$ cat target_21.cif   # mmCIF, C-alpha atoms and all ligand atoms
data_work
#
loop_
_atom_site.label_atom_id
_atom_site.label_comp_id
_atom_site.auth_asym_id
_atom_site.auth_seq_id
_atom_site.Cartn_x
_atom_site.Cartn_y
_atom_site.Cartn_z
CA MET A 1 -7.45 -28.75 6.94
CA ASP A 2 -8.62 -27.33 3.64
CA ASP A 3 -8.45 -29.47 0.57
CA LEU A 4 -4.94 -29.04 -0.77
CA GLY A 5 -6.04 -30.10 -4.25
CA ARG A 6 -6.59 -26.53 -5.42
CA TYR A 7 -2.89 -25.90 -4.78
CA SER A 8 -1.70 -29.09 -6.50
CA ARG A 9 0.30 -27.32 -9.22
CA GLN A 10 2.44 -25.38 -6.79
CA ILE A 11 2.73 -28.33 -4.40
CA LEU A 12 4.24 -30.26 -7.33
CA PHE A 13 6.91 -27.58 -7.54
CA SER A 14 9.73 -29.02 -5.42
CA GLY A 15 10.65 -25.69 -3.81
CA ILE A 16 7.20 -25.52 -2.19
CA GLY A 17 5.80 -29.03 -1.75
CA GLU A 18 3.14 -29.97 0.79
CA GLU A 19 5.20 -28.67 3.70
CA GLY A 20 5.57 -25.26 2.08
CA GLN A 21 1.87 -25.17 1.24
CA LYS A 22 0.92 -25.87 4.86
CA LYS A 23 3.18 -23.01 5.96
CA LEU A 24 1.49 -20.66 3.50
CA LEU A 25 -1.95 -21.60 4.81
CA LYS A 26 -0.86 -20.62 8.32
CA SER A 27 0.82 -17.36 7.25
CA ARG A 28 -0.27 -13.79 7.79
CA VAL A 29 0.67 -10.96 5.43
CA ALA A 30 -0.12 -7.23 5.42
CA ILE A 31 -0.17 -5.38 2.10
CA VAL A 32 0.23 -1.63 2.46
CA GLY A 33 -1.30 0.13 -0.53
CA VAL A 34 -3.77 -1.70 -2.75
CA GLY A 35 -2.90 -0.01 -6.03
CA ALA A 36 -1.04 -1.51 -8.96
CA LEU A 37 1.62 -3.41 -7.00
CA GLY A 38 -0.73 -4.30 -4.15
CA THR A 39 -3.51 -5.74 -6.32
CA VAL A 40 -1.10 -7.85 -8.37
CA CYS A 41 0.65 -9.17 -5.28
CA ALA A 42 -2.60 -9.81 -3.35
CA ASN A 43 -3.99 -11.74 -6.31
CA HIS A 44 -1.00 -14.12 -6.31
CA LEU A 45 -0.93 -14.55 -2.53
CA VAL A 46 -4.65 -15.28 -2.26
CA ARG A 47 -4.55 -17.79 -5.14
CA SER A 48 -1.47 -19.39 -3.54
CA GLY A 49 -3.32 -19.92 -0.27
CA VAL A 50 -1.69 -17.47 2.11
CA GLY A 51 -4.06 -17.93 5.05
CA TYR A 52 -4.58 -14.35 6.14
CA ILE A 53 -4.08 -11.11 4.23
CA ARG A 54 -4.67 -7.62 5.56
CA LEU A 55 -5.20 -5.00 2.87
CA ILE A 56 -4.49 -1.44 3.95
CA ASP A 57 -5.44 1.40 1.63
CA ARG A 58 -6.66 4.97 2.02
CA ASP A 59 -8.07 5.58 -1.43
CA VAL A 60 -11.18 5.00 -3.54
CA VAL A 61 -11.19 3.22 -6.92
CA ASP A 62 -10.91 5.73 -9.76
CA LEU A 63 -11.31 5.24 -13.51
CA SER A 64 -7.63 6.06 -14.09
CA ASN A 65 -6.67 3.09 -11.87
CA LEU A 66 -8.18 0.48 -14.20
CA GLN A 67 -5.31 0.73 -16.70
CA ARG A 68 -3.08 -1.21 -14.28
CA GLN A 69 -4.79 -2.07 -10.95
CA SER A 70 -5.85 -5.54 -11.86
CA LEU A 71 -8.48 -6.40 -9.23
CA PHE A 72 -10.80 -3.48 -10.05
CA ASN A 73 -13.50 -2.88 -12.64
CA GLU A 74 -15.87 -0.13 -13.82
CA GLU A 75 -18.55 -1.11 -11.34
CA ASP A 76 -16.16 -0.45 -8.44
CA VAL A 77 -15.65 3.07 -9.83
CA GLN A 78 -19.41 3.68 -10.15
CA LEU A 79 -20.00 2.48 -6.58
CA ASN A 80 -17.18 4.69 -5.19
CA LEU A 81 -15.77 1.67 -3.40
CA PRO A 82 -12.68 2.03 -1.24
CA LYS A 83 -9.85 0.05 -2.84
CA ALA A 84 -9.38 -2.23 0.17
CA VAL A 85 -13.09 -3.17 0.06
CA ALA A 86 -13.27 -3.68 -3.72
CA ALA A 87 -10.09 -5.78 -3.72
CA GLY A 88 -11.27 -7.79 -0.72
CA LYS A 89 -14.58 -8.62 -2.42
CA ARG A 90 -12.89 -9.77 -5.60
CA LEU A 91 -10.29 -11.81 -3.73
CA ASN A 92 -13.03 -13.58 -1.77
CA THR A 93 -14.56 -14.80 -5.01
CA ILE A 94 -11.15 -16.14 -6.09
CA ASN A 95 -10.39 -18.04 -2.89
CA SER A 96 -13.04 -18.08 -0.17
CA THR A 97 -10.95 -20.34 2.08
CA VAL A 98 -8.44 -17.64 3.03
CA THR A 99 -9.19 -14.59 5.19
CA VAL A 100 -8.93 -11.16 3.61
CA ASP A 101 -9.29 -8.24 5.98
CA ALA A 102 -9.81 -4.73 4.56
CA ALA A 103 -8.55 -1.70 6.48
CA ILE A 104 -9.76 1.56 4.88
CA THR A 105 -7.18 3.83 6.33
CA ASP A 106 -3.99 5.71 5.81
CA LEU A 107 -1.04 3.93 7.41
CA ASN A 108 0.40 6.43 9.88
CA LEU A 109 2.29 6.49 13.13
CA ASP A 110 -0.92 6.22 15.15
CA ASN A 111 -2.00 2.91 13.65
CA ALA A 112 1.11 1.38 12.04
CA GLU A 113 2.10 -0.83 14.95
CA GLU A 114 -1.44 -2.08 15.46
CA LEU A 115 -1.95 -2.83 11.76
CA LEU A 116 1.45 -4.37 11.05
CA ALA A 117 2.72 -6.08 14.19
CA GLY A 118 1.70 -9.73 14.28
CA VAL A 119 2.06 -10.47 10.57
CA ASP A 120 4.78 -12.69 9.15
CA CYS A 121 5.59 -10.41 6.25
CA ILE A 122 4.74 -6.90 5.02
CA VAL A 123 4.42 -6.02 1.34
CA ASP A 124 5.12 -2.48 0.17
CA GLY A 125 2.48 -1.43 -2.33
CA THR A 126 2.85 2.25 -1.49
CA ASP A 127 3.81 5.13 -3.72
CA ASN A 128 5.74 7.32 -1.31
CA PHE A 129 8.91 7.42 0.76
CA MET A 130 7.29 8.48 4.04
CA THR A 131 5.14 5.37 4.25
CA ARG A 132 8.11 3.16 3.33
CA TYR A 133 10.20 4.63 6.15
CA LEU A 134 7.27 4.03 8.49
CA ILE A 135 6.94 0.39 7.35
CA ASN A 136 10.70 0.04 7.84
CA ASP A 137 10.49 1.38 11.41
CA VAL A 138 7.75 -1.09 12.36
CA ALA A 139 9.50 -3.96 10.54
CA VAL A 140 12.83 -3.34 12.28
CA LYS A 141 11.21 -2.71 15.67
CA PHE A 142 9.29 -6.01 15.58
CA GLY A 143 11.70 -8.03 13.41
CA ILE A 144 9.22 -8.52 10.55
CA PRO A 145 10.63 -9.07 7.05
CA TRP A 146 9.19 -6.92 4.29
CA VAL A 147 9.30 -6.73 0.52
CA HIS A 148 9.90 -3.31 -0.96
CA GLY A 149 8.56 -2.54 -4.42
CA ALA A 150 8.28 0.60 -6.54
CA ALA A 151 7.31 1.39 -10.11
CA VAL A 152 7.07 4.55 -12.16
CA SER A 153 7.17 5.19 -15.90
CA SER A 154 8.59 1.98 -17.47
CA ARG A 155 10.92 1.25 -14.54
CA GLY A 156 10.54 -0.68 -11.33
CA MET A 157 12.54 -2.18 -8.50
CA PHE A 158 12.14 -4.54 -5.59
CA ALA A 159 14.17 -5.80 -2.63
CA VAL A 160 13.68 -8.06 0.36
CA ILE A 161 14.44 -6.49 3.72
CA LYS A 162 15.09 -8.84 6.64
CA PRO A 163 15.76 -6.90 9.83
CA GLY A 164 19.06 -7.87 11.43
CA GLU A 165 20.18 -9.74 8.33
CA THR A 166 19.99 -7.53 5.26
CA PRO A 167 20.36 -3.75 5.00
CA CYS A 168 17.16 -2.00 6.07
CA TYR A 169 15.39 0.54 3.87
CA ARG A 170 17.16 3.40 5.62
CA CYS A 171 20.56 1.74 5.05
CA LEU A 172 19.70 1.72 1.33
CA PHE A 173 18.03 5.14 1.22
CA PRO A 174 19.46 7.16 4.14
CA HIS A 175 17.82 10.47 3.23
CA ILE A 176 14.29 11.44 2.32
CA PRO A 177 14.57 12.82 -1.20
CA ASP A 178 14.11 16.58 -1.34
CA GLY A 179 10.92 17.86 -2.91
CA ARG A 180 8.82 15.73 -5.19
CA GLY A 181 10.67 13.23 -7.33
CA GLU A 182 9.33 11.64 -10.45
CA THR A 183 5.94 10.11 -9.77
CA CYS A 184 3.27 8.47 -11.87
CA ASP A 185 1.49 11.85 -11.53
CA THR A 186 4.11 13.54 -13.63
CA ILE A 187 5.58 10.89 -15.90
CA GLY A 188 2.99 8.11 -15.89
CA VAL A 189 3.38 4.40 -15.37
CA LEU A 190 3.00 1.36 -17.62
CA SER A 191 0.90 -1.63 -16.62
CA PRO A 192 3.46 -4.38 -17.50
CA ILE A 193 6.04 -2.93 -15.10
CA THR A 194 3.66 -2.86 -12.14
CA ASP A 195 2.55 -6.39 -12.99
CA ILE A 196 6.15 -7.63 -13.09
CA VAL A 197 7.26 -5.91 -9.88
CA GLY A 198 4.09 -6.98 -8.01
CA SER A 199 4.65 -10.56 -9.18
CA PHE A 200 8.27 -10.56 -8.03
CA GLN A 201 7.12 -9.18 -4.68
CA ALA A 202 4.59 -12.02 -4.37
CA MET A 203 7.28 -14.61 -5.18
CA GLU A 204 9.72 -13.19 -2.62
CA THR A 205 6.91 -13.06 -0.05
CA ILE A 206 6.09 -16.74 -0.65
CA LYS A 207 9.79 -17.65 -0.32
CA LEU A 208 10.02 -15.68 2.94
CA LEU A 209 6.91 -17.37 4.35
CA ILE A 210 8.12 -20.89 3.69
CA GLY A 211 11.72 -20.17 4.73
CA ALA A 212 13.32 -20.46 1.28
CA ALA A 213 16.27 -18.30 0.23
CA THR A 214 15.23 -14.86 -1.06
CA SER A 215 16.91 -12.42 -3.43
CA SER A 216 19.86 -10.56 -1.93
CA ASN A 217 19.71 -7.87 -4.59
CA LEU A 218 18.04 -4.61 -5.26
CA ASP A 219 16.61 -5.73 -8.59
CA GLN A 220 15.77 -3.09 -11.19
CA ILE A 221 13.80 -3.60 -14.37
CA ASP A 222 12.97 -1.40 -17.35
CA VAL A 223 10.26 -2.90 -19.55
CA TRP A 224 10.59 -0.27 -22.29
CA ASP A 225 14.33 -0.76 -22.75
CA THR A 226 14.01 -4.48 -21.89
CA ASP A 227 16.70 -4.11 -19.28
CA LEU A 228 17.33 -5.94 -16.02
CA PHE A 229 19.92 -4.84 -13.49
CA SER A 230 20.63 -6.54 -10.16
CA MET A 231 22.66 -4.77 -7.51
CA ASP A 232 24.00 -7.02 -4.76
CA ILE A 233 23.08 -5.36 -1.46
CA SER A 234 24.12 -8.16 0.88
CA GLU A 235 27.04 -6.05 2.20
CA GLY A 236 25.00 -2.84 2.21
CA ARG A 237 24.27 -2.45 5.92
CA ASN A 238 25.18 0.99 7.22
CA PRO A 239 27.09 0.56 10.52
CA GLN A 240 25.70 3.94 11.61
CA CYS A 241 22.11 3.32 10.49
CA PRO A 242 19.80 5.20 12.88
CA THR A 243 17.07 2.62 12.38
CA CYS A 244 18.52 -0.90 12.30
CA VAL A 245 21.70 -0.18 14.28
CA ASN A 246 20.70 2.53 16.79
CA ARG A 247 17.05 1.41 16.89
CA GLN A 248 15.88 4.99 16.70
CA PHE A 249 12.44 4.90 15.09
CA ASP A 250 11.99 8.46 13.84
CA PHE A 251 8.91 7.72 11.79
CA LEU A 252 7.07 6.24 14.76
CA ASP A 253 8.08 9.17 16.93
CA ARG A 254 5.29 11.63 17.63
CA LEU A 255 7.78 14.38 18.50
CA SER A 256 9.83 13.97 15.36
CA SER A 257 9.68 16.71 12.77
CA GLN A 258 9.28 14.10 10.03
CA GLN A 259 5.49 14.08 10.37
CA GLU A 260 3.05 15.54 7.88
CA SER A 261 -0.68 15.88 7.80
CA TYR A 262 -1.04 16.67 4.12
CA SER A 263 0.08 14.76 1.11
CA SER A 264 -0.57 14.54 -2.61
CA LEU A 265 -1.55 11.13 -3.92
CA CYS A 266 0.29 9.54 -6.79
CA GLY A 267 -1.56 9.13 -10.06
CA ARG A 268 -4.31 11.51 -9.02
CA ASP A 269 -4.93 15.19 -8.95
CA THR A 270 -5.59 14.76 -5.25
CA VAL A 271 -4.56 16.00 -1.83
CA GLN A 272 -5.16 14.00 1.33
CA ILE A 273 -5.90 15.74 4.61
CA TYR A 274 -5.25 13.64 7.67
CA PHE A 275 -6.02 14.74 11.21
CA ARG A 276 -3.67 13.66 13.94
CA GLU A 277 -6.45 13.49 16.50
CA LYS A 278 -9.11 10.88 15.80
CA ARG A 279 -12.57 12.04 14.77
CA GLU A 280 -15.66 10.07 13.81
CA ARG A 281 -17.91 11.68 11.21
CA ASP A 282 -21.68 11.48 11.21
CA LEU A 283 -22.02 10.95 7.47
CA ILE A 284 -25.82 11.33 7.39
CA LYS A 285 -25.77 14.67 9.19
CA LEU A 286 -22.89 15.91 7.09
CA SER A 287 -24.66 14.83 3.91
CA GLU A 288 -27.73 16.95 4.82
CA HIS A 289 -25.49 19.94 5.45
CA LEU A 290 -23.51 19.58 2.21
CA LYS A 291 -26.56 19.08 -0.04
CA LYS A 292 -27.12 22.84 0.19
CA SER A 293 -23.82 23.56 -1.57
CA GLY A 294 -23.49 20.86 -4.22
CA THR A 295 -24.11 17.26 -5.19
CA VAL A 296 -23.61 14.58 -2.58
CA ASN A 297 -23.52 10.81 -2.90
CA GLY A 298 -21.73 7.97 -1.18
CA ASN A 299 -22.11 4.73 0.70
CA GLN A 300 -21.57 3.36 4.20
CA PHE A 301 -17.83 4.06 4.00
CA LEU A 302 -17.69 7.62 2.67
CA LEU A 303 -19.37 10.71 1.24
CA ARG A 304 -18.51 12.28 -2.09
CA PHE A 305 -19.30 15.96 -2.31
CA SER A 306 -18.90 18.05 -5.48
CA PRO A 307 -19.39 21.79 -5.05
CA ASN A 308 -18.52 22.25 -8.75
CA PRO A 309 -17.65 19.97 -11.69
CA GLU A 310 -13.88 20.39 -11.16
CA THR A 311 -13.79 19.52 -7.47
CA THR A 312 -14.78 16.49 -5.44
CA ILE A 313 -14.21 16.18 -1.72
CA VAL A 314 -14.33 12.65 -0.32
CA LEU A 315 -14.98 12.41 3.42
CA PHE A 316 -14.30 9.13 5.19
CA LYS A 317 -15.94 8.01 8.41
CA ASP A 318 -12.67 8.19 10.32
CA GLY A 319 -12.25 11.88 9.50
CA ARG A 320 -9.79 11.54 6.66
CA VAL A 321 -10.40 13.70 3.56
CA LEU A 322 -9.39 13.47 -0.08
CA VAL A 323 -9.68 16.62 -2.18
CA HIS A 324 -9.78 15.70 -5.87
CA GLY A 325 -9.15 18.30 -8.55
CA THR A 326 -5.96 19.83 -7.21
CA ASN A 327 -2.39 18.99 -6.24
CA ASP A 328 -2.12 22.25 -4.34
CA ILE A 329 -2.20 21.64 -0.59
CA VAL A 330 -3.13 25.24 0.25
CA LYS A 331 -6.05 25.17 -2.18
CA ALA A 332 -7.20 21.81 -0.81
CA LYS A 333 -7.12 23.13 2.75
CA SER A 334 -9.12 26.20 1.83
CA LEU A 335 -11.75 24.11 -0.01
CA TYR A 336 -12.08 21.93 3.05
CA SER A 337 -12.46 24.90 5.39
CA LYS A 338 -14.93 26.57 3.08
CA TYR A 339 -17.37 23.68 2.89
CA ILE A 340 -16.77 21.50 5.90
CA GLY A 341 -15.24 23.89 8.39
CA ASN A 342 -13.14 22.94 11.42
ZN ZN B 1 19.49 0.16 8.52
#
$ encode --input "target_21.cif" --output "structure tokens"
Amino acid sequence: MDDLGRYSRQILFSGIGEEGQKKLLKSRVAIVGVGALGTVCANHLVRSGVGYIRLIDRDVVDLSNLQRQSLFNEEDVQLNLPKAVAAGKRLNTINSTVTVDAAITDLNLDNAEELLAGVDCIVDGTDNFMTRYLINDVAVKFGIPWVHGAAVSSRGMFAVIKPGETPCYRCLFPHIPDGRGETCDTIGVLSPITDIVGSFQAMETIKLLIGAATSSNLDQIDVWDTDLFSMDISEGRNPQCPTCVNRQFDFLDRLSSQQESYSSLCGRDTVQIYFREKRERDLIKLSEHLKKSGTVNGNQFLLRFSPNPETTIVLFKDGRVLVHGTNDIVKAKSLYSKYIGN
């Protein structure tokens, strides 16, 4: 057993104690999205001695992330590091006795069960509804509790979802919002709110892992107006919920019309292109080909190709693509076809 001394200050806290600490050391958590909420939460969980943490993120560290994504620095930007890798490296220097596993990928219906089943708790560090519904499907299907979190502008919210006990995410949000709501792309986001929500998520996760009582509210905070509002959701289960009552997992269903292959990323002028069929890229060969049309650099995880100063196309080994410099999906697709083809 590891030396518990490094955790002495939280062991002294009666709600945790030595028993709670031992439970944390044996626990497994997946964090989906290693942005503002994910980095804050991962930092707390790793320092607290959660034994295994899987970081899942599809993006690369960008200069505009440093305002709030607390595990990253300028060197990570210069090295074009994937967020999961950069966060994992930093977390290892904070606590080398816990296991941090980095998955550089987009969570989707092809990999969600594999990446999420088998953990004790899932943390929502995402920025979009589709991924939250997908997390909810896996969580309900396998009975895994998860901690929802969201932040935009000066406002944030969080809630604990325990399948079979509390309302699920689809009970709370039955419909996918039409069109694009307010995102940090359009109205920005403040660093204190992501820090606060990510910290609350970490605290609820720790309580879940040691079996302590968790919040039964959808808690909402506004740091600009200094306002806190808690909505009791304990009676909020929908008796007709397709997910937690009928066990119909639409977001894990290949035949469902809810699927998409293109998405814009929050906080970035970026479109992601995701291919349903798996493909492995030969980055060296591709690099030779692309050098004829622009500047190319990268590392063992990805290639960055800039055909002009306004556009950068990032190609990952697993086939996924990020097109920076546009929010227009049609334009992104045509840039991809123009330079990479197929
Ligand atoms: Zn439900």
$ closest_residue --input "target_21.cif" --among "A:Ile144, A:Val29, A:Cys241, A:Val271" --to "His175 (chain A)" --atoms "all atoms listed in the file"
A:Cys241
$ closest_residue --input "target_21.cif" --among "A:Leu315, A:Cys184, A:Cys168, A:Ala332" --to "ligand ZN 1 (chain B)" --atoms "only C-alpha atoms and all ligand atoms"
A:Cys168
$ residues_around --input "target_21.cif" --residues "Tyr169 (chain A)" --least-positions-apart "2" --cutoff "9 Å" --atoms "only C-alpha atoms" --output "ChimeraX atom specification"
/A:132-133,136,148,161,167,171-174,243
$ write_last_selection --input "target_21.cif" --atoms "C-alpha atoms" --output "short mmCIF file (atom, residue, chain, number, x, y, z; two decimals), in the coordinates of the input"
data_model
loop_
_atom_site.label_atom_id
_atom_site.label_comp_id
_atom_site.auth_asym_id
_atom_site.auth_seq_id
_atom_site.Cartn_x
_atom_site.Cartn_y
_atom_site.Cartn_z
CA ARG A 132 8.11 3.16 3.33
CA TYR A 133 10.20 4.63 6.15
CA ASN A 136 10.70 0.04 7.84
CA HIS A 148 9.90 -3.31 -0.96
CA ILE A 161 14.44 -6.49 3.72
CA PRO A 167 20.36 -3.75 5.00
CA CYS A 171 20.56 1.74 5.05
CA LEU A 172 19.70 1.72 1.33
CA PHE A 173 18.03 5.14 1.22
CA PRO A 174 19.46 7.16 4.14
CA THR A 243 17.07 2.62 12.38
#
$ closest_residue --input "target_21.cif" --among "A:Pro242, A:Gly319, A:Gly341, A:Gly149" --to "ligand ZN 1 (chain B)" --atoms "all atoms listed in the file"
A:Pro242
$ closest_residue --input "target_21.cif" --among "A:Gln10, A:Ser334, A:Thr166, A:Ser230" --to "ligand ZN 1 (chain B)" --atoms "all atoms listed in the file"
A:Thr166
$ residues_around --input "target_21.cif" --residues "region 98-115 of chain A" --least-positions-apart "5" --cutoff "7 Å" --atoms "all atoms listed in the file" --output "VMD selection string"
chain A and resid 46 49 to 58 82 84 to 85 88 138 251 to 252
$ closest_residue --input "target_21.cif" --among "A:Ile329, A:Ala42, A:Ala86, A:Ile340" --to "Lys291 (chain A)" --atoms "all atoms listed in the file"
A:Ile340
$ residues_around --input "target_21.cif" --residues "Gly15 (chain A)" --least-positions-apart "2" --cutoff "12 Å" --atoms "all atoms listed in the file" --output "PyMOL selection string"
chain A and resi 9-13+17-21+203+206-207+210-213
$ atom_distance --input "target_21.cif" --atom1 "CA of Asp269 (chain A)" --atom2 "CA of Asp59 (chain A)"
12.6 Å
$ atom_distance --input "target_21.cif" --atom1 "CA of Ala202 (chain A)" --atom2 "CA of Leu24 (chain A)"
12.1 Å
$ atom_distance --input "target_21.cif" --atom1 "CA of Glu280 (chain A)" --atom2 "CA of Asp253 (chain A)"
24.0 Å
$ residues_near_point --input "target_21.cif" --point "(-24.4, 19.6, 4.4)" --cutoff "12 Å" --atoms "all atoms listed in the file" --output "VMD selection string"
chain A and resid 282 to 297 303 to 307 315 338 to 341
$ decode --input "target_21.cif" --residues "region 34-92 of chain A" --atoms "C-alpha atoms" --output "compact mmCIF listing (two decimals), in the first residue's frame"
# COMPACT_ATOMS: atom_id res chain seq x y z
CA VAL A 34 -9.94 17.51 -20.82
CA GLY A 35 -10.71 21.20 -21.23
CA ALA A 36 -11.51 23.69 -18.50
CA LEU A 37 -13.76 21.46 -16.38
CA GLY A 38 -11.77 18.31 -17.09
CA THR A 39 -8.36 19.73 -16.16
CA VAL A 40 -9.65 21.24 -12.92
CA CYS A 41 -11.41 18.05 -11.92
CA ALA A 42 -8.50 15.77 -12.93
CA ASN A 43 -6.11 17.91 -10.88
CA HIS A 44 -8.21 17.43 -7.73
CA LEU A 45 -8.78 13.71 -8.28
CA VAL A 46 -5.12 12.96 -8.93
CA ARG A 47 -3.97 14.96 -5.89
CA SER A 48 -6.65 13.21 -3.81
CA GLY A 49 -5.31 9.80 -4.78
CA VAL A 50 -7.98 8.37 -7.06
CA GLY A 51 -6.11 5.26 -8.19
CA TYR A 52 -6.87 5.25 -11.89
CA ILE A 53 -8.00 8.06 -14.17
CA ARG A 54 -8.71 7.77 -17.88
CA LEU A 55 -8.55 11.08 -19.74
CA ILE A 56 -10.47 11.15 -23.01
CA ASP A 57 -10.04 14.13 -25.32
CA ARG A 58 -10.03 14.72 -29.06
CA ASP A 59 -8.30 18.08 -29.20
CA VAL A 60 -4.86 19.68 -29.19
CA VAL A 61 -3.74 22.37 -26.71
CA ASP A 62 -4.28 25.83 -28.17
CA LEU A 63 -3.13 29.24 -26.91
CA SER A 64 -6.73 30.31 -26.27
CA ASN A 65 -7.11 27.39 -23.81
CA LEU A 66 -4.52 28.72 -21.36
CA GLN A 67 -6.87 31.39 -19.99
CA ARG A 68 -8.78 28.68 -18.10
CA GLN A 69 -7.49 25.13 -18.74
CA SER A 70 -5.30 24.89 -15.72
CA LEU A 71 -3.02 21.93 -16.49
CA PHE A 72 -1.57 23.40 -19.71
CA ASN A 73 1.23 25.83 -20.50
CA GLU A 74 2.82 27.59 -23.49
CA GLU A 75 5.21 24.74 -24.13
CA ASP A 76 2.28 22.35 -24.67
CA VAL A 77 0.98 24.76 -27.33
CA GLN A 78 4.38 24.95 -29.07
CA LEU A 79 4.69 21.15 -29.09
CA ASN A 80 1.15 20.70 -30.50
CA LEU A 81 0.42 18.21 -27.75
CA PRO A 82 -2.95 16.49 -27.58
CA LYS A 83 -4.74 17.65 -24.43
CA ALA A 84 -5.00 14.14 -22.97
CA VAL A 85 -1.22 13.68 -23.33
CA ALA A 86 -0.26 17.12 -21.97
CA ALA A 87 -2.62 16.74 -19.00
CA GLY A 88 -1.41 13.20 -18.33
CA LYS A 89 2.23 14.32 -18.26
CA ARG A 90 1.53 17.14 -15.84
CA LEU A 91 -0.61 14.95 -13.59
CA ASN A 92 2.15 12.35 -13.41
